[in-house]
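Novice: Just passing along the structure, written as C-alpha cells.
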Amino acid sequence: GQVLPIGNGAEDTILKLHFDSGAVGKDCAGNDIKYYPYPPNACADRCRATPGCVAMVTGPNMTDRQCWLKSKYQISGSNPDRTCWKKLS
C-alpha cells in the first residue's frame with residue numbers, strides 16, 4: 001500500500017473516502033489486530049492494507065500518533081481520548 005506523509009492536508013482523502021466520520025469520544029475496546037504509532041490518516045491507509053481490518057481507533061485529533069486496527073466495529077463506551085472509525089465497504 002501507499003505510505004502517506006505525516007500531517008494534515010490532501011492525504012486525509014483516504015480517511016474521508018474509506019471511513020465514516022468517526023465516533024469522537026468513543027472507544028471500540030478489544031478485537032485488536034495490531035497497534036501502530038500512526039496518526040489517523042496513516043492509520044486509515046494501514047487498515048485498508050490489512051486483511052480483516054474493518055475499523056480503527058485513534059486519538060482525539062488528527063495529529064495524535066495512536067492507531068489500533070480492529071477486526072470488529074463495536075463501540076464499547078465513552079473515552080474523551082479516543083475516536084472509533086468504521087471502514088466503509
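Letters A, B, ... mark the chains of the C-alpha cells in the order given; residue numbers begin at 1 per chain; ligand numbers begin at 1, in order shown.
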Which residues in chain A does DSSP call strand (DSSP E)? List them as a ChimeraX atom specification.
Specialist: /A:23-27,32-36,55-58,67-70,77-86
Novice: Got a sec: who's within 9 Å of A:Asp27, counting only C-alpha atoms, leaving out chain neighbours fewer than 3 positions off, as a ChimeraX atom specification?
Specialist: /A:23-24,57-58,74-84
Novice: Quick one, how far is atom CA of A:Leu69 from atom CA of A:Asn31?
Specialist: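 Atom-to-atom, atom CA of A:Leu69 and atom CA of A:Asn31 are spaced 8.3 Å apart.
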Novice: What's the 10 Å shell around A:Val54, counting only C-alpha atoms, without same-chain residues fewer than 5 positions away, as a short mmCIF file (atom, residue, chain, number, x, y, z; two decimals) with C-alpha atoms, in the first residue's frame?
Specialist:
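What follows is the written file part.cif:
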```
data_model
loop_
_atom_site.label_atom_id
_atom_site.label_comp_id
_atom_site.auth_asym_id
_atom_site.auth_seq_id
_atom_site.Cartn_x
_atom_site.Cartn_y
_atom_site.Cartn_z
CA PHE A 19 -14.11 5.59 6.61
CA CYS A 47 -6.24 -0.57 7.90
CA ARG A 48 -7.14 -0.68 4.21
CA LEU A 69 -6.51 -1.74 13.88
CA LYS A 70 -9.72 -3.63 14.72
CA SER A 71 -11.30 -6.83 13.41
CA LYS A 72 -14.75 -5.70 14.57
CA TYR A 73 -16.59 -2.37 14.85
CA TRP A 85 -13.80 4.79 12.90
CA LYS A 86 -15.73 2.27 10.81
CA LYS A 87 -14.30 1.30 7.43
CA LEU A 88 -16.85 1.69 4.65
CA SER A 89 -17.35 -1.27 2.33
#
```
Novice: Give me, as number ranges by chain, the residues of stretch 18-56 of chain A that a backbone DSSP run labels helix (DSSP H, G or I).
Specialist: A: 18, 40-49
Novice: For A:Asp20, which residue among A:Cys43, A:Asp32, A:Ala55, A:Pro37 is the nearest when counting only C-alpha atoms?
Specialist: A:Ala55
Novice: Could you check how far atom CA of A:Lys26 sits from atom CA of A:Thr13, in Å to one decimal?
Specialist: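 It comes out at 22.2 Å.
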Novice: I'd like to know which of A:Ser21, A:Cys67, A:Gly59, A:Ala29 is closest to A:Asp45, using only C-alpha atoms.
Specialist: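 When distances to A:Asp45 are compared using only C-alpha atoms, the smallest one comes from A:Cys67.
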